[in-house]
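Peer 1: What follows is the file entry.txt, containing compact mmCIF, C-alpha atoms:
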# COMPACT_ATOMS: atom_id res chain seq x y z
CA MET A 1 11.57 -167.60 13.18
CA LEU A 2 13.74 -165.04 11.40
CA THR A 3 17.40 -165.92 10.97
CA ALA A 4 18.62 -163.09 8.76
CA LYS A 5 21.73 -161.22 9.87
CA VAL A 6 21.93 -157.44 9.67
CA TYR A 7 25.18 -156.00 8.31
CA ALA A 8 25.61 -152.24 8.48
CA VAL A 9 28.08 -149.38 8.16
CA SER A 10 29.57 -148.12 11.41
CA GLY A 11 27.54 -144.90 11.47
CA LEU A 12 24.16 -146.63 11.44
CA LYS A 13 24.38 -147.77 15.06
CA LYS A 14 24.49 -144.14 16.23
CA LYS A 15 21.92 -142.95 13.69
CA ARG A 16 19.45 -145.79 14.30
CA PRO A 17 19.97 -147.35 17.76
CA ASP A 18 16.60 -149.10 17.37
CA ILE A 19 18.04 -151.47 14.74
CA SER A 20 19.74 -154.60 16.01
CA ILE A 21 23.01 -154.92 14.05
CA ASP A 22 24.85 -158.26 13.91
CA LYS A 23 28.01 -157.12 12.10
CA ILE A 24 29.61 -153.80 11.21
CA LEU A 25 31.03 -153.91 7.67
CA ASP A 26 34.78 -153.59 7.42
CA ASP A 27 36.96 -153.51 4.29
CA ASP A 28 39.56 -155.74 5.95
CA GLU A 29 37.23 -158.61 6.78
CA LYS A 30 35.29 -160.39 4.06
CA TYR A 31 31.98 -161.60 5.48
CA PHE A 32 30.55 -163.02 2.26
CA GLY A 33 33.47 -165.09 1.01
CA SER A 34 34.22 -164.82 -2.69
CA LYS A 35 30.58 -164.46 -3.73
CA LEU A 36 30.33 -160.76 -2.95
CA GLU A 37 33.09 -158.16 -3.17
CA TYR A 38 32.63 -154.79 -1.51
CA PHE A 39 34.35 -151.65 -0.27
CA LEU A 40 33.53 -148.28 1.28
CA PHE A 41 32.87 -145.63 -1.39
CA GLU A 42 34.90 -142.74 -0.02
CA GLY A 43 34.53 -138.99 -0.26
CA LEU A 44 30.91 -138.65 -1.35
CA ASN A 45 28.74 -136.23 0.62
CA THR A 46 25.28 -134.87 0.05
CA PHE A 47 23.93 -131.40 0.65
CA LEU A 48 20.91 -131.38 2.99
CA MET A 49 18.75 -128.56 4.35
CA ASN A 50 20.80 -128.55 7.57
CA GLY A 51 24.21 -128.79 5.89
CA VAL A 52 26.54 -131.31 4.32
CA SER A 53 26.35 -134.96 5.31
CA PRO A 54 28.76 -137.80 4.40
CA LEU A 55 27.12 -140.81 2.78
CA HIS A 56 29.35 -143.63 4.16
CA GLU A 57 28.14 -146.05 1.48
CA TYR A 58 29.43 -149.52 0.79
CA VAL A 59 29.22 -150.74 -2.80
CA PHE A 60 28.89 -154.42 -3.67
CA PHE A 61 29.73 -156.55 -6.69
CA HIS A 62 28.22 -159.97 -7.29
CA GLY A 63 30.55 -161.52 -9.86
CA GLU A 64 28.40 -164.48 -10.84
CA SER A 65 25.54 -162.23 -11.99
CA LYS A 66 27.87 -159.34 -12.99
CA THR A 67 25.83 -156.99 -10.80
CA LEU A 68 26.87 -153.78 -9.06
CA ILE A 69 24.68 -153.15 -6.00
CA VAL A 70 24.56 -149.65 -4.50
CA THR A 71 22.31 -147.50 -2.36
CA ASP A 72 22.54 -143.71 -2.64
CA ILE A 73 25.62 -143.12 -4.81
CA VAL A 74 23.51 -143.08 -8.01
CA PHE A 75 19.90 -142.59 -9.04
CA ASN A 76 18.00 -143.65 -12.15
CA PHE A 77 14.38 -142.53 -12.26
CA ASP A 78 12.26 -143.02 -15.36
CA GLU A 79 8.72 -142.33 -16.59
CA SER A 80 7.27 -145.04 -14.31
CA PHE A 81 7.83 -142.88 -11.22
CA PRO A 82 5.36 -140.32 -9.79
CA PHE A 83 5.27 -136.81 -11.25
CA THR A 84 7.05 -135.15 -8.31
CA THR A 85 9.88 -137.71 -8.38
CA LYS A 86 10.34 -137.15 -12.11
CA LEU A 87 10.30 -133.37 -11.68
CA VAL A 88 12.83 -133.34 -8.84
CA SER A 89 15.12 -135.81 -10.63
CA LYS A 90 14.98 -133.70 -13.79
CA ILE A 91 16.08 -130.68 -11.75
CA LEU A 92 18.71 -132.38 -9.56
CA GLY A 93 19.87 -135.16 -11.88
CA GLY A 94 19.05 -138.82 -12.08
CA TYR A 95 16.15 -138.70 -14.52
CA LYS A 96 16.87 -141.35 -17.17
CA GLN A 97 20.53 -141.11 -16.18
CA LEU A 98 22.54 -143.35 -13.88
CA ARG A 99 24.25 -140.69 -11.80
CA PRO A 100 24.51 -138.96 -8.45
CA SER A 101 22.37 -135.87 -8.00
CA PHE A 102 23.52 -132.26 -8.04
CA LEU A 103 23.26 -132.35 -4.22
CA GLU A 104 26.09 -134.90 -4.04
CA TRP A 105 28.24 -132.87 -6.41
CA LEU A 106 27.53 -129.71 -4.39
CA GLY A 107 28.20 -131.33 -1.00
CA THR A 108 31.37 -133.18 -2.01
CA LYS A 109 34.69 -131.45 -1.45
CA GLU A 110 36.99 -134.49 -1.71
CA LYS A 111 36.31 -135.15 -5.37
CA GLU A 112 39.62 -137.00 -5.81
CA LYS A 113 38.50 -139.63 -3.27
CA VAL A 114 35.26 -140.01 -5.22
CA ARG A 115 37.20 -140.46 -8.47
CA GLN A 116 39.36 -143.14 -6.82
CA SER A 117 36.26 -144.99 -5.60
CA VAL A 118 34.73 -144.79 -9.08
CA GLN A 119 37.93 -146.22 -10.60
CA LYS A 120 37.78 -149.16 -8.17
CA ILE A 121 34.19 -149.84 -9.22
CA LEU A 122 35.10 -149.66 -12.90
CA GLN A 123 37.62 -152.46 -12.38
CA TRP A 124 34.69 -154.80 -11.74
CA ASP A 125 33.11 -156.51 -14.76
CA PHE A 126 29.50 -155.48 -14.15
CA ARG A 127 26.66 -155.39 -16.66
CA ARG A 128 23.79 -154.53 -14.33
CA VAL A 129 23.33 -151.89 -11.62
CA ILE A 130 20.80 -152.21 -8.82
CA MET A 131 20.37 -149.05 -6.78
CA ALA A 132 18.10 -148.08 -3.87
CA HIS A 133 16.43 -145.24 -5.79
CA GLY A 134 15.40 -145.87 -9.35
CA THR A 135 15.04 -148.43 -12.08
CA ILE A 136 17.58 -151.24 -12.44
CA VAL A 137 19.98 -150.66 -15.33
CA GLU A 138 20.42 -153.73 -17.54
CA ASP A 139 21.93 -152.22 -20.71
CA ASP A 140 25.37 -150.58 -20.96
CA ALA A 141 25.42 -150.30 -17.17
CA LYS A 142 29.16 -149.84 -16.80
CA GLN A 143 29.33 -147.12 -19.46
CA LYS A 144 26.30 -145.32 -17.98
CA PHE A 145 27.83 -145.46 -14.50
CA LYS A 146 31.12 -144.06 -15.80
CA LYS A 147 29.34 -141.27 -17.67
CA GLY A 148 27.30 -140.40 -14.59
CA TYR A 149 30.46 -139.67 -12.61
CA GLU A 150 32.23 -137.60 -15.29
CA CYS A 151 31.22 -134.44 -13.39
CA PHE A 152 33.62 -135.44 -10.61
Represent the structure contained in this file as structure tokens.
Peer 2:
Amino acid sequence: MLTAKVYAVSGLKKKRPDISIDKILDDDEKYFGSKLEYFLFEGLNTFLMNGVSPLHEYVFFHGESKTLIVTDIVFNFDESFPFTTKLVSKILGGYKQLRPSFLEWLGTKEKEKVRQSVQKILQWDFRRVIMAHGTIVEDDAKQKFKKGYECF
């Protein structure tokens, strides 16, 4: 019997009504105690074929392991990925670089909000970054993350 709880951002319920959500994440309520810090990364959008779409991403920090956990705010593809992934990430950004793609830069108008979110992340003492798309960064993770957002 599965006992896992599903935590999600508020927009997921509308986007995916087929997913049973137990809790909607909220910056004011801390669901994970002191083990996991998190906040909503504000301002970042992406440019899609049908227009601009906000990302509504929460970022997480696990202090004990000094790990930043993110989904789509950065990419980091390397030579282990398929040819087409490498090609697209070389064109749009994110090939052997911990950074958002050109599509996020293009779709984002509120760059000051993005800079503020990045500054909040940089206050955390992280040494590793785990992202949804790409290879985990274990070396100089904080510096690479900072460099990846210099375009904002």
Peer 1: Residues of region 4-105 of chain A that approach region 128-135 of chain A to 10 Å or less, counting only C-alpha atoms: could you list each one with the shortest pair of atoms and its distance in Å to one decimal, rows by chain and increasing residue number, as a Markdown table?
Peer 2:
| residue | atom | partner | partner_atom | distance |
| --- | --- | --- | --- | --- |
| A:Val59 | CA | A:Met131 | CA | 9.8 |
| A:Phe60 | CA | A:Ile130 | CA | 9.8 |
| A:Phe61 | CA | A:Val129 | CA | 9.3 |
| A:His62 | CA | A:Arg128 | CA | 9.9 |
| A:Ser65 | CA | A:Arg128 | CA | 8.2 |
| A:Lys66 | CA | A:Arg128 | CA | 6.4 |
| A:Thr67 | CA | A:Arg128 | CA | 4.8 |
| A:Leu68 | CA | A:Val129 | CA | 4.8 |
| A:Ile69 | CA | A:Ile130 | CA | 4.9 |
| A:Val70 | CA | A:Met131 | CA | 4.8 |
| A:Thr71 | CA | A:Ala132 | CA | 4.5 |
| A:Asp72 | CA | A:Ala132 | CA | 6.4 |
| A:Ile73 | CA | A:Met131 | CA | 8.2 |
| A:Val74 | CA | A:Met131 | CA | 6.9 |
| A:Phe75 | CA | A:His133 | CA | 5.4 |
| A:Asn76 | CA | A:Gly134 | CA | 4.4 |
| A:Phe77 | CA | A:Gly134 | CA | 4.5 |
| A:Asp78 | CA | A:Thr135 | CA | 6.9 |
| A:Glu79 | CA | A:Thr135 | CA | 9.9 |
| A:Ser80 | CA | A:Thr135 | CA | 8.8 |
| A:Phe81 | CA | A:Gly134 | CA | 8.4 |
| A:Thr85 | CA | A:Gly134 | CA | 9.9 |
| A:Gly94 | CA | A:Gly134 | CA | 8.4 |
| A:Tyr95 | CA | A:Gly134 | CA | 8.9 |
| A:Lys96 | CA | A:Thr135 | CA | 8.9 |
| A:Gln97 | CA | A:Gly134 | CA | 9.8 |
| A:Leu98 | CA | A:Gly134 | CA | 8.8 |
Peer 1: Interatomic distance between CA of Leu44 (chain A) and CA of His56 (chain A)?
Peer 2: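 Separation of CA of Leu44 (chain A) and CA of His56 (chain A): 7.6 Å.
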Peer 1: Skipping near chain neighbours, those fewer than 6 positions away, what residues fall within 12 Å of Ser20 (chain A) using all atoms listed in the file, listed as a list of chain:residue names?
Peer 2: A:Ala4, A:Lys5, A:Val6, A:Tyr7, A:Ala8, A:Leu12, A:Lys13, A:Lys14
Peer 1: Limited to C-alpha atoms, could you put the picked residues into a file as a CSV table (one decimal), in the frame of the given file?
Peer 2:
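Listing of part.csv after writing:
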chain,number,residue,atom,x,y,z
A,4,ALA,CA,18.6,-163.1,8.8
A,5,LYS,CA,21.7,-161.2,9.9
A,6,VAL,CA,21.9,-157.4,9.7
A,7,TYR,CA,25.2,-156.0,8.3
A,8,ALA,CA,25.6,-152.2,8.5
A,12,LEU,CA,24.2,-146.6,11.4
A,13,LYS,CA,24.4,-147.8,15.1
A,14,LYS,CA,24.5,-144.1,16.2
Peer 1: Between A:Lys35, A:Phe102, A:Asp139, A:Lys113, which one has atoms that come closest to Ser89 (chain A), using all atoms listed in the file?
Peer 2: A:Phe102
Peer 1: Considering only C-alpha atoms, can you say which of A:Glu42, A:Glu64, A:Asp26, A:Glu104 comes closest to Gln119 (chain A)?
Peer 2: A:Glu42
Peer 1: Return the single residue from A:Trp105, A:Phe152, A:Tyr38, A:Phe47 that is closest to Lys120 (chain A), with distances computed using all atoms listed in the file.
Peer 2: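 Among the listed residues, the smallest separation from Lys120 (chain A) belongs to A:Tyr38.
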Peer 1: Could you work out how far CA of Thr108 (chain A) lies from CA of Thr46 (chain A), giving the answer in Å with one decimal?
Peer 2: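 Computed distance, CA of Thr46 (chain A) to CA of Thr108 (chain A), equals 6.6 Å.
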Peer 1: Hey, can you check how far CA of Arg115 (chain A) sits from CA of Gly148 (chain A)?
Peer 2: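 Rounded to one decimal, the two atoms are 11.6 Å apart.
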Peer 1: Which residue, A:Asn50, A:Lys111, A:Tyr58, A:Gly43, has the smallest gap to Ile24 (chain A) when you use all atoms listed in the file?
Peer 2: A:Tyr58
Peer 1: Here is a test: counting all atoms listed in the file, which residue of A:Glu110, A:Glu57, A:Asp125, A:Asp22 is nearest to Leu40 (chain A)?
Peer 2: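 Among A:Glu110, A:Glu57, A:Asp125, A:Asp22, it is A:Glu57 that comes nearest to Leu40 (chain A).
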Peer 1: Using only C-alpha atoms for the distances, tell me which of A:Phe145, A:Gly93, A:Leu103, A:Gly63 is nearest to Val118 (chain A).
Peer 2: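 Among the listed residues, A:Phe145 lies closest to Val118 (chain A).
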Peer 1: Report the centre and edge lengths, in Å to one decimal, of an axis-aligned box enclosing every atom of region 54-66 of chain A listed in the file, padded by 6 Å on each side, as AutoDock Vina command-line options.
Peer 2:
--center_x 28.0 --center_y -151.1 --center_z -4.3 --size_x 17.0 --size_y 38.7 --size_z 29.4
